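Report on one structure; see the data block that follows.
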Amino acid sequence: MDVVVIDDDEGVRWVLQQALAVQNISCSAARNGPEGINAVSRQKPRLAIVDIKLGAMNGLDVARLICKIDRNLKILFVTGYNEVIKGMVEPGLPVLGIVEKPFNVAELLQLVRQGLEAPDKTARPAVN
Amino acid sequence: MTLLSSKLDRVIKGTLHDEIITPKCYFFQESLARLLKIAVGLVTPDGKLAVMHNAMPPYSKLGQSPRLAAAYREFFLQIPEVCGGEGHERIIYDPLGLPVGVLPLHDGSSLILGGFIERRDLERLTELQNRLRSLGLDDDGKLWLEMVLLSLKDLRDKLNHLKALYKQGFRSINENTELGRQALILSAVEEINKLMVSTLNPDLFNLESILDLVASSLVILTDGEGALAFTYCHPRQVITTTRGEGREKMQALAEEWASAAARGANPAASFSGAVGKSGLKLQTETIESESASTVLGVIAPPDKHLRAALAAFGKQVAIALEVSALYEVIQQRFGMLFNSIRQGIVATDSAGKVMLFNQAAGTIFETLGCGLAVGELFSECGFCHQIEKAAASAAATGCFFEQQRAALGPEDNLTHLSWDLKPLLRDDGSVAGTVLVLDDITEPVKHLWEIQDWERLNMAIEVAAGLAHEIRNPLATAKAAIQLYEIIHDEAKRRELMGKLENELDRMNQVLTTFLSLSKPMQDHSLQPINIAETVRELALLLKGEAHMNEIELVVKLPAEELPPVVGSDNGLKQVFMNITRNAFEAMAKGGRLEISLSGSGNGVAVNFQDNGAGIPPENLANITRPFFTTKLGGTGLGLSISSTIVKMMGGEMRIESKPGEGTTVTIILPTACGTVNAAPFS
């Protein structure tokens, strides 16, 4: 499995799956934190697209937990909030980027590809 | 000023016509009482005790026992009848069995000497104690100890002595004898003295009164024929009381005085001229002080008593002037202190008249267009009905008011006041007046409003942020769908994308609609009878999936019997219940248990949401229903505030109890439909 999409919005999950499918990137989807954690530990994806606002357990917490499960996992955050949220991301997490909603599909796919192609150890640290 | 003049007038007239000329003259009896070391009283021809000098028990105790007083009243009534006939002194026994010497006088009145018991007469002592008890004056052994004890013989001697003195004295006491004149002058001076002292009473103290008395000249006149006149002259008015043949002369002098004063001339100078013309001699004594200059004059044939009286009065005046000067200094300093106080202070007397107020109070009243003047009734200032009422009840009952609020003045320019009103209590607890303390809090209130405006702005920003977030999910999907449409060429997939796009646009609209309805929570929520159990069941069904996903055990407990319908809005209630349930879910991020139960409660139905989540810290609990208060990332802070508003609009009540670490219980009590309820079927 290449990518797991963790987003509580059904539309976003669907559209991300469609976009990844176009690029032949295999993916699964999770609706909330616990489901996402479950998916990461079972399916060993290389990258997780995580919505920051996820309901009970927020995306920042989920990212921290899933990175512990798989140290090579890369994170791509999507959020409906503006860049203020960047300051809240825990330093040291392998975050590829924070993409604001509504996103440009091509740019998002570009980031995903970069993440999947990069060797594990060159994963970028958390955004400044 | 008028008060003082009339008092003086009364003193003068009273002294001359009623008291000095008749044998009731106080000083004479008082002197006798002191001389004889006994109590001397005067009983009028109609049997009333007019005066008692050197009063000792039991006379000094009459006020303490109504029964004793009544017994003595009865006793005095009998005296004129029993003891009639001038000069026939005798000894009778009073209600306590005490011997009383009675000396009838020529005009039907009687002098009495009383309150004594025969020394060593133990039988009488026992009897006295019995009588005291029977008259309600419980003698603890002290009363009779206070009495002057003397033998019956002593009393008889004193009575005889009094008779001799009185006969001698009475003959001398008339206006044509030197002793008479002396007595008259002394008596007058004494009355003036009393008047002076009365002005020093803290309750009546008034600088104007003292200056009025002092700055006026007192002229004691006697004419050549020996008739006595007493004239109190004042620049603004003249009170003349004369007797004897000098009347016209005196009146002419008084008029002269008044006209001189009216011309602004020194009355004393022109007065002496007039006196000279009348063939009398004027002796004057001038007392100067910083605040007043006073001329005292005596017109008389040279008389050492008059001179002495004049000198004595002069001393009194000098003291009064000193006192008034001192008072002025105190008033000045007090005024500075008083006026430097930021709060407005208004003091009234017990009748509600303004006694004094400081500058701050004056300013506040002025701002509100009300006049505040010393001597005016506070209730007539038209200041504030509420405060006037408070002042009246404080004066009547001694109650007080603290930290009250009032907003006065025109609508567009309100003056906000915080006020305290307290009674001024005397030592004995009676109310001497009231003190109103006003604090103008207009500025702080306006400041607070400004802060609230800022808060509202802040809230609006938060709402906008929340709205933006809600919109961005469908927006993201819609945008991505369009972009994918460009990339994907499979027709079936494209149709799906278009379908999705439309879907997401609908969702955006839905989000906006929801937000709009949030701002008007009851807009389309018409009130109707609702089967609340049904609503709860629906809710449970709706949230089952979400609960399961969040590892939350959702338990619904409905009563076996049917609950009466509540009055409310179905949509509104669903919104409220959904909100509370979501909050509960969020409080149980690691799973938990939410129990929703229904029960009858008084005239309503209670819906209970009990979770075992994180709970709410006490500092947040107080704010939890405030609009836009949130601790959640991305929360709008509107949920509970709107819920609470909806519940209130349905006539219900929302209560939140919480213990951090144990969980939260939200209880919503809704009124049941009118007339369909048998009070509380499940309470």
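If you're wondering about the labels, chains in the structure tokens are A, B, ... by order shown, residues count from 1 in each chain, ligands from 1 in order shown.
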
Once you count only C-alpha atoms, what closest atom pair and distance in Å to one decimal does each residue of chain A within 9 Å of chain B have, with rows by chain and rising residue number, as a tab-separated table?
```
residue	atom	partner	partner_atom	distance
A:Asp9	CA	B:Asn473	CA	6.7
A:Gly11	CA	B:Thr477	CA	5.6
A:Val12	CA	B:Thr477	CA	5.0
A:Arg13	CA	B:Thr477	CA	8.4
A:Trp14	CA	B:Thr477	CA	8.1
A:Val15	CA	B:Thr477	CA	5.8
A:Leu16	CA	B:Ala480	CA	7.9
A:Gln18	CA	B:Leu484	CA	7.9
A:Ala19	CA	B:Leu484	CA	6.5
A:Val22	CA	B:Ile488	CA	7.3
A:Asn32	CA	B:Met549	CA	8.4
A:Pro34	CA	B:Asn550	CA	7.9
A:Glu35	CA	B:Met549	CA	8.4
A:Lys53	CA	B:Gly634	CA	7.0
A:Gly55	CA	B:Glu586	CA	7.2
A:Ala56	CA	B:Glu586	CA	4.8
A:Met57	CA	B:Ala589	CA	6.3
A:Asn58	CA	B:Leu633	CA	8.1
A:Thr79	CA	B:His469	CA	8.4
A:Gly80	CA	B:His469	CA	5.0
A:Tyr81	CA	B:His469	CA	6.3
A:Glu100	CA	B:Ala476	CA	8.8
A:Lys101	CA	B:Ala476	CA	5.2
A:Pro102	CA	B:Ala476	CA	3.6
A:Phe103	CA	B:Ala476	CA	5.9
A:Asn104	CA	B:Ala480	CA	6.6
A:Val105	CA	B:Ala480	CA	5.6
A:Ala106	CA	B:Gln483	CA	8.0
```

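The residues of region 25-115 of chain A that DSSP assigns to strand (DSSP E or B) on this backbone come out as Cys27, Ser28, Ala29, Ala30, Leu47, Ala48, Ile49, Val50, Asp51, Lys74, Ile75, Leu76, Phe77, Val78, Thr79, Val95, Leu96, Gly97, Ile98, Val99 and Glu100 of chain A.
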
Could you write out that same residue set with all heavy atoms as a compact mmCIF listing (two decimals), in the first residue's frame?
```
# COMPACT_ATOMS: atom_id res chain seq x y z
N CYS A 27 -4.13 3.17 -2.65
CA CYS A 27 -4.45 3.87 -1.40
C CYS A 27 -5.66 3.28 -0.72
O CYS A 27 -6.47 2.58 -1.31
CB CYS A 27 -4.66 5.35 -1.67
SG CYS A 27 -6.27 5.74 -2.34
N SER A 28 -5.72 3.55 0.57
CA SER A 28 -6.91 3.20 1.34
C SER A 28 -7.32 4.46 2.13
O SER A 28 -6.57 5.42 2.18
CB SER A 28 -6.61 2.05 2.30
OG SER A 28 -5.68 2.48 3.27
N ALA A 29 -8.51 4.40 2.72
CA ALA A 29 -8.99 5.60 3.42
C ALA A 29 -9.44 5.26 4.84
O ALA A 29 -9.89 4.15 5.11
CB ALA A 29 -10.13 6.21 2.63
N ALA A 30 -9.27 6.22 5.71
CA ALA A 30 -9.74 6.06 7.10
C ALA A 30 -10.53 7.30 7.48
O ALA A 30 -10.21 8.41 7.04
CB ALA A 30 -8.54 5.87 8.03
N LEU A 47 3.09 6.51 2.94
CA LEU A 47 2.74 7.92 3.13
C LEU A 47 1.31 8.02 3.65
O LEU A 47 0.45 7.25 3.24
CB LEU A 47 2.87 8.63 1.78
CG LEU A 47 2.83 10.15 1.72
CD1 LEU A 47 3.75 10.63 0.61
CD2 LEU A 47 1.42 10.67 1.48
N ALA A 48 1.10 9.00 4.53
CA ALA A 48 -0.26 9.23 5.04
C ALA A 48 -0.68 10.66 4.76
O ALA A 48 0.10 11.59 5.03
CB ALA A 48 -0.33 8.94 6.53
N ILE A 49 -1.83 10.79 4.14
CA ILE A 49 -2.40 12.14 3.98
C ILE A 49 -3.37 12.32 5.14
O ILE A 49 -4.35 11.58 5.27
CB ILE A 49 -3.13 12.28 2.62
CG1 ILE A 49 -2.12 12.03 1.47
CG2 ILE A 49 -3.76 13.67 2.50
CD1 ILE A 49 -2.76 12.07 0.08
N VAL A 50 -3.07 13.28 6.00
CA VAL A 50 -3.83 13.41 7.26
C VAL A 50 -4.52 14.78 7.33
O VAL A 50 -3.86 15.83 7.18
CB VAL A 50 -2.90 13.26 8.49
CG1 VAL A 50 -3.70 13.29 9.78
CG2 VAL A 50 -2.10 11.95 8.39
N ASP A 51 -5.80 14.73 7.56
CA ASP A 51 -6.54 15.99 7.78
C ASP A 51 -6.25 16.43 9.21
O ASP A 51 -6.21 15.62 10.14
CB ASP A 51 -8.04 15.74 7.59
CG ASP A 51 -8.84 17.02 7.72
OD1 ASP A 51 -8.24 18.12 7.59
OD2 ASP A 51 -10.06 16.94 7.95
N LYS A 74 5.81 8.83 5.85
CA LYS A 74 5.86 10.27 5.64
C LYS A 74 4.44 10.83 5.76
O LYS A 74 3.47 10.16 5.43
CB LYS A 74 6.46 10.57 4.27
CG LYS A 74 7.91 10.14 4.20
CD LYS A 74 8.46 10.31 2.81
CE LYS A 74 9.84 9.66 2.74
NZ LYS A 74 9.72 8.19 2.72
N ILE A 75 4.41 12.05 6.18
CA ILE A 75 3.09 12.65 6.45
C ILE A 75 2.85 13.83 5.50
O ILE A 75 3.75 14.66 5.29
CB ILE A 75 3.01 13.20 7.89
CG1 ILE A 75 3.35 12.11 8.93
CG2 ILE A 75 1.64 13.83 8.17
CD1 ILE A 75 2.29 11.05 9.11
N LEU A 76 1.66 13.90 4.96
CA LEU A 76 1.24 15.08 4.21
C LEU A 76 -0.07 15.56 4.86
O LEU A 76 -1.05 14.84 4.88
CB LEU A 76 1.01 14.71 2.74
CG LEU A 76 0.61 15.86 1.81
CD1 LEU A 76 1.69 16.94 1.75
CD2 LEU A 76 0.33 15.34 0.42
N PHE A 77 0.01 16.75 5.45
CA PHE A 77 -1.19 17.27 6.11
C PHE A 77 -2.07 18.02 5.12
O PHE A 77 -1.56 18.71 4.23
CB PHE A 77 -0.80 18.26 7.21
CG PHE A 77 -0.33 17.60 8.49
CD1 PHE A 77 0.94 17.89 9.00
CD2 PHE A 77 -1.15 16.72 9.17
CE1 PHE A 77 1.36 17.30 10.18
CE2 PHE A 77 -0.73 16.13 10.36
CZ PHE A 77 0.53 16.41 10.85
N VAL A 78 -3.36 17.85 5.26
CA VAL A 78 -4.28 18.74 4.56
C VAL A 78 -5.14 19.42 5.63
O VAL A 78 -5.45 18.83 6.65
CB VAL A 78 -5.21 18.00 3.56
CG1 VAL A 78 -4.45 17.57 2.32
CG2 VAL A 78 -5.88 16.83 4.22
N THR A 79 -5.45 20.69 5.37
CA THR A 79 -6.22 21.39 6.41
C THR A 79 -7.07 22.50 5.81
O THR A 79 -6.72 23.11 4.81
CB THR A 79 -5.28 21.98 7.48
OG1 THR A 79 -6.06 22.73 8.40
CG2 THR A 79 -4.23 22.91 6.88
N VAL A 95 7.31 15.45 7.91
CA VAL A 95 6.18 16.06 7.21
C VAL A 95 6.61 16.57 5.82
O VAL A 95 7.55 17.35 5.71
CB VAL A 95 5.61 17.23 8.04
CG1 VAL A 95 4.48 17.93 7.29
CG2 VAL A 95 5.08 16.71 9.38
N LEU A 96 5.94 16.10 4.83
CA LEU A 96 6.26 16.53 3.45
C LEU A 96 5.74 17.93 3.19
O LEU A 96 6.33 18.70 2.45
CB LEU A 96 5.60 15.58 2.44
CG LEU A 96 6.20 14.18 2.37
CD1 LEU A 96 5.28 13.28 1.56
CD2 LEU A 96 7.57 14.22 1.74
N GLY A 97 4.63 18.23 3.78
CA GLY A 97 4.07 19.55 3.55
C GLY A 97 2.70 19.67 4.19
O GLY A 97 2.14 18.69 4.70
N ILE A 98 2.18 20.90 4.21
CA ILE A 98 0.82 21.13 4.72
C ILE A 98 0.06 21.78 3.57
O ILE A 98 0.40 22.88 3.11
CB ILE A 98 0.84 22.04 5.94
CG1 ILE A 98 1.60 21.34 7.07
CG2 ILE A 98 -0.58 22.39 6.36
CD1 ILE A 98 1.81 22.20 8.29
N VAL A 99 -0.94 21.07 3.08
CA VAL A 99 -1.67 21.55 1.92
C VAL A 99 -3.00 22.11 2.37
O VAL A 99 -3.73 21.48 3.12
CB VAL A 99 -1.90 20.39 0.92
CG1 VAL A 99 -2.71 20.89 -0.28
CG2 VAL A 99 -0.57 19.83 0.47
N GLU A 100 -3.26 23.33 1.98
CA GLU A 100 -4.51 23.96 2.41
C GLU A 100 -5.66 23.58 1.49
O GLU A 100 -5.50 23.46 0.28
CB GLU A 100 -4.34 25.47 2.40
CG GLU A 100 -3.72 26.00 3.69
CD GLU A 100 -3.70 27.50 3.72
OE1 GLU A 100 -4.72 28.13 3.33
OE2 GLU A 100 -2.66 28.05 4.11
```

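Distance annotation: of A:Arg31, A:Gln110, A:Pro94, A:Glu10, the residue with the minimal separation from Lys68 (chain A) is A:Pro94; atom set is only C-alpha atoms.
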
Open item on the list: For region 666-674 of chain B, find every residue with an atom within 10 Å (counting only C-alpha atoms), except residues of its own chain fewer than 6 positions away, and show them as a ChimeraX atom specification.
Closed with: /B:528-532,563-568,576-577,580-581,584,596-611,643-644,647-648,650-658,680

Task: Residue list (alpha helix (DSSP H), DSSP) for region 563-646 of chain B, as JSON, numbers by chain - done: {"B": [570, 571, 572, 573, 574, 575, 576, 577, 578, 579, 580, 581, 582, 583, 584, 585, 586, 587, 618, 619, 620, 621, 639, 640, 641, 642, 643, 644, 645, 646]}
